[in-house]
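Q: What follows is run15.cif; its format and atoms are mmCIF, C-alpha atoms and all ligand atoms.
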```cif
data_model
loop_
_atom_site.label_atom_id
_atom_site.label_comp_id
_atom_site.auth_asym_id
_atom_site.auth_seq_id
_atom_site.Cartn_x
_atom_site.Cartn_y
_atom_site.Cartn_z
CA MET A 153 0.56 -19.55 -64.14
CA HIS A 154 -0.10 -19.75 -60.41
CA PHE A 155 -1.43 -16.43 -59.10
CA SER A 156 -3.75 -15.10 -56.42
CA ASN A 157 -7.33 -15.01 -57.63
CA LEU A 158 -8.82 -11.55 -57.22
CA GLN A 159 -12.40 -12.59 -57.91
CA ASP A 160 -14.61 -10.72 -55.41
CA LYS A 161 -11.60 -9.54 -53.36
CA VAL A 162 -12.22 -6.06 -51.99
CA VAL A 163 -9.46 -3.65 -52.99
CA LEU A 164 -9.38 -0.14 -51.53
CA ILE A 165 -7.36 2.35 -53.60
CA THR A 166 -6.66 5.88 -52.41
CA GLY A 167 -6.09 8.45 -55.14
CA ALA A 168 -8.16 6.39 -57.56
CA GLY A 169 -9.65 9.32 -59.47
CA SER A 170 -6.72 9.83 -61.83
CA GLY A 171 -3.27 8.61 -62.83
CA LEU A 172 -1.90 5.38 -61.42
CA GLY A 173 -4.76 4.73 -58.97
CA ARG A 174 -7.31 5.04 -61.76
CA SER A 175 -5.40 2.70 -64.09
CA VAL A 176 -4.83 0.09 -61.36
CA ALA A 177 -8.52 0.27 -60.38
CA ILE A 178 -9.68 -0.42 -63.95
CA LYS A 179 -7.20 -3.27 -64.43
CA LEU A 180 -8.03 -4.97 -61.10
CA ALA A 181 -11.78 -4.64 -61.70
CA ALA A 182 -11.28 -6.49 -65.00
CA LEU A 183 -9.80 -9.36 -62.96
CA GLY A 184 -12.98 -9.57 -60.87
CA ALA A 185 -12.02 -7.51 -57.80
CA LYS A 186 -14.51 -5.20 -56.12
CA ILE A 187 -12.90 -1.79 -56.15
CA ILE A 188 -13.35 0.96 -53.56
CA LEU A 189 -12.24 4.25 -55.07
CA ILE A 190 -11.09 7.05 -52.74
CA ALA A 191 -10.19 10.67 -53.55
CA ARG A 192 -11.62 14.19 -53.16
CA THR A 193 -12.95 14.96 -56.66
CA GLU A 194 -16.34 13.32 -57.15
CA ARG A 195 -16.43 13.92 -60.92
CA GLU A 196 -13.24 11.89 -61.42
CA LEU A 197 -14.32 9.12 -59.05
CA ASN A 198 -17.67 8.81 -60.78
CA GLU A 199 -15.95 8.65 -64.17
CA VAL A 200 -13.75 5.73 -63.04
CA LYS A 201 -16.75 3.98 -61.48
CA GLU A 202 -18.65 4.30 -64.78
CA ILE A 203 -15.74 2.95 -66.84
CA ILE A 204 -15.59 -0.09 -64.54
CA THR A 205 -19.31 -0.75 -64.30
CA LYS A 206 -19.80 -0.39 -68.08
CA LYS A 207 -17.43 -3.35 -68.46
CA ASN A 208 -19.51 -5.28 -65.86
CA GLY A 209 -16.96 -4.67 -63.13
CA LYS A 210 -17.75 -3.68 -59.55
CA ALA A 211 -16.77 -0.35 -58.03
CA GLU A 212 -17.98 2.10 -55.42
CA TYR A 213 -16.51 5.44 -54.50
CA TYR A 214 -16.12 7.38 -51.26
CA ILE A 215 -15.09 11.01 -51.15
CA CYS A 216 -12.40 11.35 -48.50
CA ASP A 217 -9.55 13.77 -47.86
CA ILE A 218 -6.84 11.52 -46.45
CA ARG A 219 -5.32 14.51 -44.60
CA ASN A 220 -8.34 14.40 -42.30
CA ARG A 221 -8.26 11.65 -39.65
CA GLU A 222 -12.01 11.88 -38.91
CA GLU A 223 -12.87 11.56 -42.59
CA ILE A 224 -10.70 8.44 -42.81
CA LYS A 225 -12.40 6.90 -39.76
CA ASN A 226 -15.91 7.60 -41.08
CA THR A 227 -15.02 6.39 -44.57
CA VAL A 228 -13.61 3.10 -43.27
CA LYS A 229 -16.70 2.64 -41.06
CA ASN A 230 -19.00 3.19 -44.06
CA ILE A 231 -16.96 0.81 -46.19
CA PHE A 232 -17.19 -1.97 -43.60
CA ASN A 233 -20.94 -1.39 -43.21
CA LYS A 234 -21.37 -2.01 -46.92
CA PHE A 235 -18.61 -4.42 -47.92
CA LYS A 236 -17.92 -6.19 -44.59
CA ARG A 237 -14.30 -6.70 -45.60
CA VAL A 238 -11.20 -5.20 -47.20
CA ASP A 239 -8.56 -7.54 -48.64
CA ILE A 240 -6.04 -5.13 -50.13
CA LEU A 241 -5.19 -1.52 -49.25
CA VAL A 242 -3.37 0.44 -51.96
CA ASN A 243 -2.00 3.62 -50.37
CA ASN A 244 -1.53 5.62 -53.55
CA ALA A 245 -2.93 9.16 -53.21
CA GLY A 246 -0.29 11.83 -53.57
CA ILE A 247 0.54 15.37 -54.56
CA TRP A 248 3.54 17.18 -55.95
CA THR A 249 4.80 20.69 -55.34
CA ASP A 250 7.97 22.16 -56.75
CA GLU A 251 10.52 23.23 -54.16
CA HIS A 252 10.57 26.88 -55.20
CA LEU A 253 6.81 27.14 -54.59
CA GLU A 254 7.20 25.67 -51.12
CA GLU A 255 9.89 28.19 -50.30
CA ASN A 256 7.30 30.95 -50.63
CA ASP A 257 4.39 29.09 -49.12
CA SER A 258 5.04 26.77 -46.18
CA SER A 259 1.44 25.50 -46.26
CA LEU A 260 2.44 23.55 -49.41
CA ARG A 261 5.09 21.76 -47.37
CA LYS A 262 2.50 20.78 -44.76
CA ASN A 263 0.17 19.65 -47.51
CA VAL A 264 2.80 17.38 -49.07
CA LEU A 265 3.71 15.72 -45.79
CA GLU A 266 0.10 15.35 -44.63
CA THR A 267 -0.99 13.80 -47.93
CA ASN A 268 2.00 11.71 -49.00
CA SER A 269 2.92 10.35 -45.56
CA LEU A 270 0.54 10.97 -42.66
CA GLY A 271 -2.58 10.27 -44.73
CA HIS A 272 -1.29 6.82 -45.68
CA ILE A 273 -0.08 6.06 -42.18
CA ASN A 274 -3.50 6.99 -40.74
CA PHE A 275 -5.33 4.96 -43.38
CA THR A 276 -3.14 1.96 -42.61
CA TYR A 277 -3.74 2.25 -38.86
CA GLU A 278 -7.49 2.27 -39.46
CA LEU A 279 -7.34 -1.09 -41.27
CA LEU A 280 -4.44 -2.76 -39.47
CA PRO A 281 -6.41 -4.14 -36.45
CA TYR A 282 -8.81 -5.78 -38.91
CA PHE A 283 -5.99 -7.32 -40.98
CA LYS A 284 -4.32 -8.56 -37.77
CA LYS A 285 -7.53 -10.15 -36.51
CA ARG A 286 -7.86 -12.10 -39.79
CA ASN A 287 -4.11 -12.66 -40.07
CA GLU A 288 -4.51 -11.77 -43.73
CA GLY A 289 -4.33 -8.70 -45.94
CA PHE A 290 -2.08 -6.71 -48.20
CA ILE A 291 -0.78 -3.18 -47.62
CA PHE A 292 0.69 -1.84 -50.86
CA ASN A 293 2.39 1.53 -50.49
CA VAL A 294 3.02 3.57 -53.63
CA ILE A 295 6.13 5.56 -52.73
CA SER A 296 8.66 6.86 -55.30
CA THR A 297 12.26 6.63 -56.40
CA SER A 298 12.62 9.84 -54.37
CA GLY A 299 12.09 7.59 -51.30
CA VAL A 300 15.06 5.31 -52.05
CA GLY A 301 18.74 6.01 -52.42
CA ASP A 302 19.32 3.22 -54.93
CA VAL A 303 18.71 5.26 -58.10
CA PRO A 304 19.87 8.70 -59.29
CA ALA A 305 16.27 9.96 -59.19
CA GLY A 306 16.51 9.60 -55.43
CA ASN A 307 18.42 12.89 -55.36
CA ASN A 308 16.36 14.81 -52.83
CA ALA A 309 18.38 17.99 -53.25
CA LEU A 310 15.84 18.69 -56.00
CA TRP A 311 12.66 18.11 -54.01
CA LYS A 312 13.30 18.22 -50.30
CA SER A 313 9.84 18.12 -48.70
CA HIS A 314 8.58 15.74 -51.35
CA GLY A 315 11.60 13.51 -50.73
CA ALA A 316 11.00 13.72 -46.98
CA SER A 317 7.37 12.67 -47.46
CA LYS A 318 8.45 9.64 -49.50
CA TRP A 319 11.32 8.65 -47.21
CA ALA A 320 8.82 8.76 -44.33
CA MET A 321 6.76 6.17 -46.19
CA THR A 322 9.86 4.07 -46.87
CA GLY A 323 10.59 4.05 -43.13
CA PHE A 324 6.98 3.35 -42.22
CA THR A 325 6.79 0.51 -44.75
CA LYS A 326 9.98 -1.09 -43.39
CA ALA A 327 8.81 -0.81 -39.76
CA LEU A 328 5.41 -2.24 -40.64
CA ARG A 329 6.95 -5.16 -42.51
CA GLU A 330 9.13 -5.95 -39.50
CA GLU A 331 6.18 -5.72 -37.12
CA LEU A 332 4.20 -8.11 -39.32
CA ILE A 333 7.07 -10.44 -40.24
CA ASN A 334 5.50 -13.48 -38.53
CA THR A 335 2.02 -12.90 -39.93
CA LYS A 336 0.37 -13.57 -43.27
CA ILE A 337 -0.13 -9.87 -43.90
CA LYS A 338 1.88 -8.64 -46.90
CA VAL A 339 3.56 -5.22 -46.96
CA THR A 340 5.10 -3.85 -50.16
CA GLY A 341 6.94 -0.61 -50.89
CA PHE A 342 6.58 0.35 -54.54
CA HIS A 343 9.06 2.92 -55.88
CA PRO A 344 8.29 4.17 -59.39
CA GLY A 345 10.23 6.85 -61.20
CA GLY A 346 8.41 9.50 -63.23
CA PHE A 347 5.30 8.58 -65.18
CA ASP A 348 2.76 10.61 -67.13
CA SER A 349 -0.25 11.16 -64.84
CA MET A 350 -2.11 14.24 -63.58
CA LEU A 351 0.42 14.77 -60.76
CA TYR A 352 2.42 17.62 -62.28
CA GLU A 353 -0.55 19.24 -64.03
CA LYS A 354 -2.45 19.37 -60.73
CA ALA A 355 0.62 21.02 -59.19
CA GLY A 356 0.51 23.73 -61.87
CA ARG A 357 3.76 22.78 -63.56
CA VAL A 358 4.54 24.05 -67.06
CA ASN A 359 4.90 21.14 -69.54
CA PRO A 360 3.41 18.54 -67.21
CA HIS A 361 3.03 15.77 -69.83
CA ASN A 362 4.99 13.73 -72.39
CA GLN A 363 8.40 14.35 -70.88
CA PRO A 364 11.22 12.02 -71.99
CA TRP A 365 11.75 10.83 -68.40
CA MET A 366 8.15 9.70 -68.02
CA MET A 367 6.90 6.11 -68.25
CA LYS A 368 3.35 5.38 -69.38
CA THR A 369 0.99 5.18 -66.40
CA ASP A 370 -0.60 1.98 -67.76
CA ASP A 371 2.82 0.30 -67.92
CA VAL A 372 3.45 1.14 -64.27
CA ALA A 373 -0.07 -0.05 -63.38
CA ASP A 374 0.62 -3.42 -65.05
CA ILE A 375 3.50 -3.94 -62.62
CA VAL A 376 1.31 -3.04 -59.64
CA VAL A 377 -1.23 -5.61 -60.80
CA PHE A 378 1.52 -8.22 -61.21
CA VAL A 379 2.75 -7.66 -57.64
CA LEU A 380 -0.79 -7.74 -56.20
CA THR A 381 -1.56 -11.05 -57.91
CA ARG A 382 1.43 -13.11 -56.71
CA PRO A 383 0.65 -16.27 -54.73
CA LYS A 384 -0.39 -15.72 -51.12
CA ASP A 385 2.94 -16.92 -49.76
CA VAL A 386 5.12 -14.86 -52.12
CA LEU A 387 6.05 -11.33 -51.11
CA MET A 388 7.67 -8.72 -53.34
CA GLU A 389 8.80 -6.41 -50.57
CA LYS A 390 10.49 -3.56 -52.42
CA ILE A 391 10.10 -2.77 -56.11
CA ILE A 392 11.93 -0.05 -58.02
CA VAL A 393 10.67 0.74 -61.51
CA THR A 394 12.24 3.40 -63.72
CA LYS A 395 12.32 4.43 -67.32
CA ILE A 396 15.43 3.05 -68.90
CA ALA A 397 18.09 5.81 -68.84
CA GLN A 398 16.02 7.86 -66.38
N1 LIG B 1 3.67 10.63 -61.60
C1 LIG B 1 4.90 10.44 -61.17
O1 LIG B 1 5.88 10.84 -61.83
C2 LIG B 1 5.15 9.72 -59.87
C3 LIG B 1 6.44 9.25 -59.59
C4 LIG B 1 6.69 8.58 -58.40
C5 LIG B 1 5.66 8.39 -57.52
N2 LIG B 1 4.40 8.85 -57.80
C6 LIG B 1 3.34 8.63 -56.80
O2 LIG B 1 2.29 7.89 -57.39
C7 LIG B 1 1.08 8.15 -56.66
C8 LIG B 1 -0.05 8.43 -57.64
O3 LIG B 1 0.18 9.67 -58.26
P1 LIG B 1 -0.15 9.99 -59.78
O4 LIG B 1 1.13 10.30 -60.43
O5 LIG B 1 -1.01 8.94 -60.35
O6 LIG B 1 -0.91 11.40 -59.63
P2 LIG B 1 -2.37 11.92 -59.95
O7 LIG B 1 -2.79 11.55 -61.33
O8 LIG B 1 -2.35 13.37 -59.61
O9 LIG B 1 -3.27 11.13 -58.91
C9 LIG B 1 -3.23 11.41 -57.54
C10 LIG B 1 -4.52 10.97 -56.88
O10 LIG B 1 -4.43 11.27 -55.48
C11 LIG B 1 -5.62 11.94 -55.06
N3 LIG B 1 -5.37 12.78 -53.90
C12 LIG B 1 -4.50 13.81 -53.78
N4 LIG B 1 -4.59 14.36 -52.56
C13 LIG B 1 -5.55 13.66 -51.88
C14 LIG B 1 -6.10 13.77 -50.59
N5 LIG B 1 -5.71 14.70 -49.72
N6 LIG B 1 -7.05 12.88 -50.22
C15 LIG B 1 -7.48 11.93 -51.09
N7 LIG B 1 -6.98 11.79 -52.33
C16 LIG B 1 -6.04 12.65 -52.73
C17 LIG B 1 -6.03 12.75 -56.31
O11 LIG B 1 -7.39 13.09 -56.32
P3 LIG B 1 -8.03 14.42 -55.69
O12 LIG B 1 -7.10 15.54 -56.00
O13 LIG B 1 -9.36 14.49 -56.33
O14 LIG B 1 -8.15 14.14 -54.22
C18 LIG B 1 -5.74 11.72 -57.41
O15 LIG B 1 -6.84 10.82 -57.52
C19 LIG B 1 1.42 9.33 -55.73
O16 LIG B 1 1.66 8.85 -54.43
C20 LIG B 1 2.68 9.91 -56.34
O17 LIG B 1 3.49 10.60 -55.40
C21 LIG B 1 4.14 9.51 -58.94
#
```
I need this file expressed as structure tokens, please.
Ligand SMILES: NC(=O)c1ccc[n+]([C@@H]2O[C@H](COP(=O)([O-])OP(=O)(O)OC[C@H]3O[C@@H](n4cnc5c(N)ncnc54)[C@H](OP(=O)(O)O)[C@@H]3O)[C@@H](O)[C@H]2O)c1
A:
Amino acid sequence: MHFSNLQDKVVLITGAGSGLGRSVAIKLAALGAKIILIARTERELNEVKEIITKKNGKAEYYICDIRNREEIKNTVKNIFNKFKRVDILVNNAGIWTDEHLEENDSSLRKNVLETNSLGHINFTYELLPYFKKRNEGFIFNVISTSGVGDVPAGNNALWKSHGASKWAMTGFTKALREELINTKIKVTGFHPGGFDSMLYEKAGRVNPHNQPWMMKTDDVADIVVFVLTRPKDVLMEKIIVTKIAQ
């Protein structure tokens, strides 16, 4: 099969401490990529780094809150000092809050929008000039079915601010793709339905795991890896993945 070789490619993954980011990191490291793990919880980042390095893979972590522009700038500077390059940016970090919680606490709304949208947009802007200079790179945005209208799970009546944060990323992804249409820089919007990660547990939800509507995180990660390893001149622009009968 003809696919892009990831050997020694530098892949930066935000939200790599748990869930999808963690699974993708481990799978890409096994294909020879050098993985840069980003999140806020050092214990989780270190755990992922150890899993990768024990299997002779390469990984480094940087603690960074993607809601903070200065932290992003410093992190990217430190990454370039050490690695000299980034080939793939996986904008994956994210949080969930249930709508009824947001109704009582507007800071949760701010948090959702600053993490799920602005954080990714700022991270992308930090790397974009570098990708443009090389006329190469891959910006892979993990969004959600709540950022597309094509599936029933896109019903944002259930999760308004969360839906807004994901639709913002859908719009940003589309605009970016159009801006870069005559370049060799790939832009993908990835829209998974529910899967069993730490997302709902971290948001304090009751029964956060093993729900019938959840896919396995590793199954979703396999699809991410498939998309990231297509030939250089093949773009999968928009991918929707759901549990059958979601
Ligand atoms: N699980 C689902 O059902 C589902 C469905 C559709 C889309 N998604 C999307 O998939 C992506 C991955 O989520 P997941 O389900 O794998 O959840 P997860 O297990 O909770 O992982 C989220 C990751 O994001 C990091 N993160 C959160 N806020 C951050 C911040 N301000 N700065 C840096 N890192 C931050 C978390 O680490 P720290 O807290 O340590 O920072 C964690 O590593 C998210 O964008 C989510 O919206 C998930």
Q: Give as a PDB file with C-alpha atoms, keeping the file's coordinate frame the residues surrounding ligand LIG 1 (chain B) up to a distance of 7 Å, considering only C-alpha atoms and all ligand atoms.
A:
```
ATOM      1  CA  THR A 166      -6.660   5.880 -52.410  1.00  0.00           C
ATOM      2  CA  GLY A 167      -6.090   8.450 -55.140  1.00  0.00           C
ATOM      3  CA  ALA A 168      -8.160   6.390 -57.560  1.00  0.00           C
ATOM      4  CA  GLY A 169      -9.650   9.320 -59.470  1.00  0.00           C
ATOM      5  CA  SER A 170      -6.720   9.830 -61.830  1.00  0.00           C
ATOM      6  CA  GLY A 171      -3.270   8.610 -62.830  1.00  0.00           C
ATOM      7  CA  LEU A 172      -1.900   5.380 -61.420  1.00  0.00           C
ATOM      8  CA  GLY A 173      -4.760   4.730 -58.970  1.00  0.00           C
ATOM      9  CA  ILE A 190     -11.090   7.050 -52.740  1.00  0.00           C
ATOM     10  CA  ALA A 191     -10.190  10.670 -53.550  1.00  0.00           C
ATOM     11  CA  ARG A 192     -11.620  14.190 -53.160  1.00  0.00           C
ATOM     12  CA  THR A 193     -12.950  14.960 -56.660  1.00  0.00           C
ATOM     13  CA  GLU A 196     -13.240  11.890 -61.420  1.00  0.00           C
ATOM     14  CA  CYS A 216     -12.400  11.350 -48.500  1.00  0.00           C
ATOM     15  CA  ASP A 217      -9.550  13.770 -47.860  1.00  0.00           C
ATOM     16  CA  ILE A 218      -6.840  11.520 -46.450  1.00  0.00           C
ATOM     17  CA  ARG A 219      -5.320  14.510 -44.600  1.00  0.00           C
ATOM     18  CA  ASN A 244      -1.530   5.620 -53.550  1.00  0.00           C
ATOM     19  CA  ALA A 245      -2.930   9.160 -53.210  1.00  0.00           C
ATOM     20  CA  GLY A 246      -0.290  11.830 -53.570  1.00  0.00           C
ATOM     21  CA  ILE A 247       0.540  15.370 -54.560  1.00  0.00           C
ATOM     22  CA  TRP A 248       3.540  17.180 -55.950  1.00  0.00           C
ATOM     23  CA  THR A 267      -0.990  13.800 -47.930  1.00  0.00           C
ATOM     24  CA  ASN A 268       2.000  11.710 -49.000  1.00  0.00           C
ATOM     25  CA  VAL A 294       3.020   3.570 -53.630  1.00  0.00           C
ATOM     26  CA  ILE A 295       6.130   5.560 -52.730  1.00  0.00           C
ATOM     27  CA  SER A 296       8.660   6.860 -55.300  1.00  0.00           C
ATOM     28  CA  THR A 297      12.260   6.630 -56.400  1.00  0.00           C
ATOM     29  CA  HIS A 343       9.060   2.920 -55.880  1.00  0.00           C
ATOM     30  CA  PRO A 344       8.290   4.170 -59.390  1.00  0.00           C
ATOM     31  CA  GLY A 345      10.230   6.850 -61.200  1.00  0.00           C
ATOM     32  CA  GLY A 346       8.410   9.500 -63.230  1.00  0.00           C
ATOM     33  CA  PHE A 347       5.300   8.580 -65.180  1.00  0.00           C
ATOM     34  CA  ASP A 348       2.760  10.610 -67.130  1.00  0.00           C
ATOM     35  CA  SER A 349      -0.250  11.160 -64.840  1.00  0.00           C
ATOM     36  CA  MET A 350      -2.110  14.240 -63.580  1.00  0.00           C
ATOM     37  CA  LEU A 351       0.420  14.770 -60.760  1.00  0.00           C
ATOM     38  CA  TYR A 352       2.420  17.620 -62.280  1.00  0.00           C
ATOM     39  CA  LYS A 354      -2.450  19.370 -60.730  1.00  0.00           C
ATOM     40  CA  MET A 366       8.150   9.700 -68.020  1.00  0.00           C
TER      41      MET A 366
END
```
Q: As a CSV table (one decimal) with C-alpha atoms, in the frame of the given file, please: the residues near stretch 301-315 of chain A (cut-off 7 Å, only C-alpha atoms, same-chain neighbours under 3 positions excluded).
A:
```csv
chain,number,residue,atom,x,y,z
A,248,TRP,CA,3.5,17.2,-56.0
A,250,ASP,CA,8.0,22.2,-56.8
A,251,GLU,CA,10.5,23.2,-54.2
A,261,ARG,CA,5.1,21.8,-47.4
A,264,VAL,CA,2.8,17.4,-49.1
A,297,THR,CA,12.3,6.6,-56.4
A,298,SER,CA,12.6,9.8,-54.4
A,318,LYS,CA,8.4,9.6,-49.5
A,319,TRP,CA,11.3,8.6,-47.2
```
Q: What's the 10 Å shell around A:Arg329, counting only C-alpha atoms, without same-chain residues fewer than 5 positions away, as a list in words?
A: Ile291, Gly323, Phe324, Asn334, Thr335, Ile337, Lys338, Val339, Thr340, Gly341 and Glu389 of chain A
Q: Ranking A:Ile333, A:Met321, A:Ile188, A:Pro360 by minimum distance to A:Phe232 and counting only C-alpha atoms, which one comes first?
A: A:Ile188
Q: Looking at A:Glu288, A:Lys234, A:Tyr213, A:Leu197, which one is nearest to A:Lys384, with distances taken over all atoms listed in the file?
A: A:Glu288
Q: Just checking: using all atoms listed in the file, which residue out of A:Ala177, A:Val358, A:Ala182, A:Leu328 ends up closest to A:Val242?
A: A:Ala177
Q: So how many Å separate atom CA of A:Ile392 and atom CA of A:His272, to one decimal?
A: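 Spanning atom CA of A:Ile392 to atom CA of A:His272 is a straight-line distance of 19.3 Å.
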Q: Could you state the separation of atom CA of A:Glu330 and atom CA of A:Phe378 in Å, given to one decimal place?
A: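 If I compute the distance from atom CA of A:Glu330 to atom CA of A:Phe378, I get 23.1 Å.
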Q: Suppose you want the space between atom CA of A:Leu260 and atom CA of A:Ile273; what is it in Å?
A: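 The value is 19.1 Å.
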Q: Give me, as an MDAnalysis selection string, all polymer residues having an atom no more than 10 Å from A:Lys210, counting only C-alpha atoms and skipping those fewer than 2 positions away in the same chain.
A: chainID A and resid 160 162 178 180:182 184:188 201:202 204:208 212
Q: Quick one: residues within 7 Å of stretch 220-227 of chain A, all atoms listed in the file, excluding same-chain residues fewer than 5 positions away - as a list in words?
A: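 Result of the neighbour search: Tyr214, Asn274, Phe275 and Glu278 of chain A.
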Q: Fewer than 3 positions away in the same chain doesn't count, so skip those; otherwise give me all residues within 9 Å of stretch 282-286 of chain A, counting only C-alpha atoms, as a ChimeraX atom specification.
A: /A:237-239,278-279,289-290,332,335-337
Q: So that all listed atoms of stretch 191-206 of chain A fit with 3 Å spare on each side, what axis-aligned box centre and edge lengths in Å, to one decimal, would you give as AutoDock Vina command-line options?
A:
```
--center_x -15.0 --center_y 7.1 --center_z -60.6 --size_x 15.6 --size_y 21.7 --size_z 20.9
```
Q: Let me make sure I understand: among A:Glu199, A:Asp257, A:Asp371, A:Glu353, which one has the smallest atom-to-atom distance to A:Arg174 if we use only C-alpha atoms?
A: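 For A:Arg174, the nearest of the candidates is A:Glu199.
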Q: When you count all atoms listed in the file, which of these residues is closest to A:Ala211: A:Leu265, A:Leu253, A:Leu164, A:Leu158?
A: A:Leu164
Q: Would you please work out which residue, of A:Lys368, A:Lys390, A:Arg382, A:Lys395, is nearest to A:Ser156 when using all atoms listed in the file?
A: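 The shortest atom-to-atom distance to A:Ser156 comes from A:Arg382.
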Q: Can you put N, CA and C atoms back into stretch 209-220 of chain A and show it as a PDB file, in the coordinates of the input?
A:
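Output file result.pdb follows:
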```
ATOM      1  N   GLY A 209     -17.755  -4.570 -64.348  1.00  0.00           N
ATOM      2  CA  GLY A 209     -16.960  -4.670 -63.130  1.00  0.00           C
ATOM      3  C   GLY A 209     -17.698  -4.055 -61.947  1.00  0.00           C
ATOM      4  N   LYS A 210     -17.091  -4.196 -60.763  1.00  0.00           N
ATOM      5  CA  LYS A 210     -17.750  -3.680 -59.550  1.00  0.00           C
ATOM      6  C   LYS A 210     -16.888  -2.595 -58.913  1.00  0.00           C
ATOM      7  N   ALA A 211     -17.506  -1.442 -58.680  1.00  0.00           N
ATOM      8  CA  ALA A 211     -16.770  -0.350 -58.030  1.00  0.00           C
ATOM      9  C   ALA A 211     -17.727   0.555 -57.273  1.00  0.00           C
ATOM     10  N   GLU A 212     -17.235   1.110 -56.189  1.00  0.00           N
ATOM     11  CA  GLU A 212     -17.980   2.100 -55.420  1.00  0.00           C
ATOM     12  C   GLU A 212     -16.996   3.188 -55.039  1.00  0.00           C
ATOM     13  N   TYR A 213     -17.458   4.416 -54.919  1.00  0.00           N
ATOM     14  CA  TYR A 213     -16.510   5.440 -54.500  1.00  0.00           C
ATOM     15  C   TYR A 213     -16.912   6.131 -53.206  1.00  0.00           C
ATOM     16  N   TYR A 214     -15.924   6.617 -52.504  1.00  0.00           N
ATOM     17  CA  TYR A 214     -16.120   7.380 -51.260  1.00  0.00           C
ATOM     18  C   TYR A 214     -15.245   8.625 -51.360  1.00  0.00           C
ATOM     19  N   ILE A 215     -15.859   9.775 -51.140  1.00  0.00           N
ATOM     20  CA  ILE A 215     -15.090  11.010 -51.150  1.00  0.00           C
ATOM     21  C   ILE A 215     -14.422  11.150 -49.785  1.00  0.00           C
ATOM     22  N   CYS A 216     -13.115  11.264 -49.777  1.00  0.00           N
ATOM     23  CA  CYS A 216     -12.400  11.350 -48.500  1.00  0.00           C
ATOM     24  C   CYS A 216     -11.087  12.085 -48.709  1.00  0.00           C
ATOM     25  N   ASP A 217     -10.843  13.071 -47.871  1.00  0.00           N
ATOM     26  CA  ASP A 217      -9.550  13.770 -47.860  1.00  0.00           C
ATOM     27  C   ASP A 217      -8.664  13.041 -46.860  1.00  0.00           C
ATOM     28  N   ILE A 218      -7.637  12.372 -47.349  1.00  0.00           N
ATOM     29  CA  ILE A 218      -6.840  11.520 -46.450  1.00  0.00           C
ATOM     30  C   ILE A 218      -5.989  12.342 -45.471  1.00  0.00           C
ATOM     31  N   ARG A 219      -6.012  13.677 -45.600  1.00  0.00           N
ATOM     32  CA  ARG A 219      -5.320  14.510 -44.600  1.00  0.00           C
ATOM     33  C   ARG A 219      -6.154  14.637 -43.330  1.00  0.00           C
ATOM     34  N   ASN A 220      -7.419  14.201 -43.417  1.00  0.00           N
ATOM     35  CA  ASN A 220      -8.340  14.400 -42.300  1.00  0.00           C
ATOM     36  C   ASN A 220      -8.641  13.061 -41.615  1.00  0.00           C
TER      37      ASN A 220
END
```
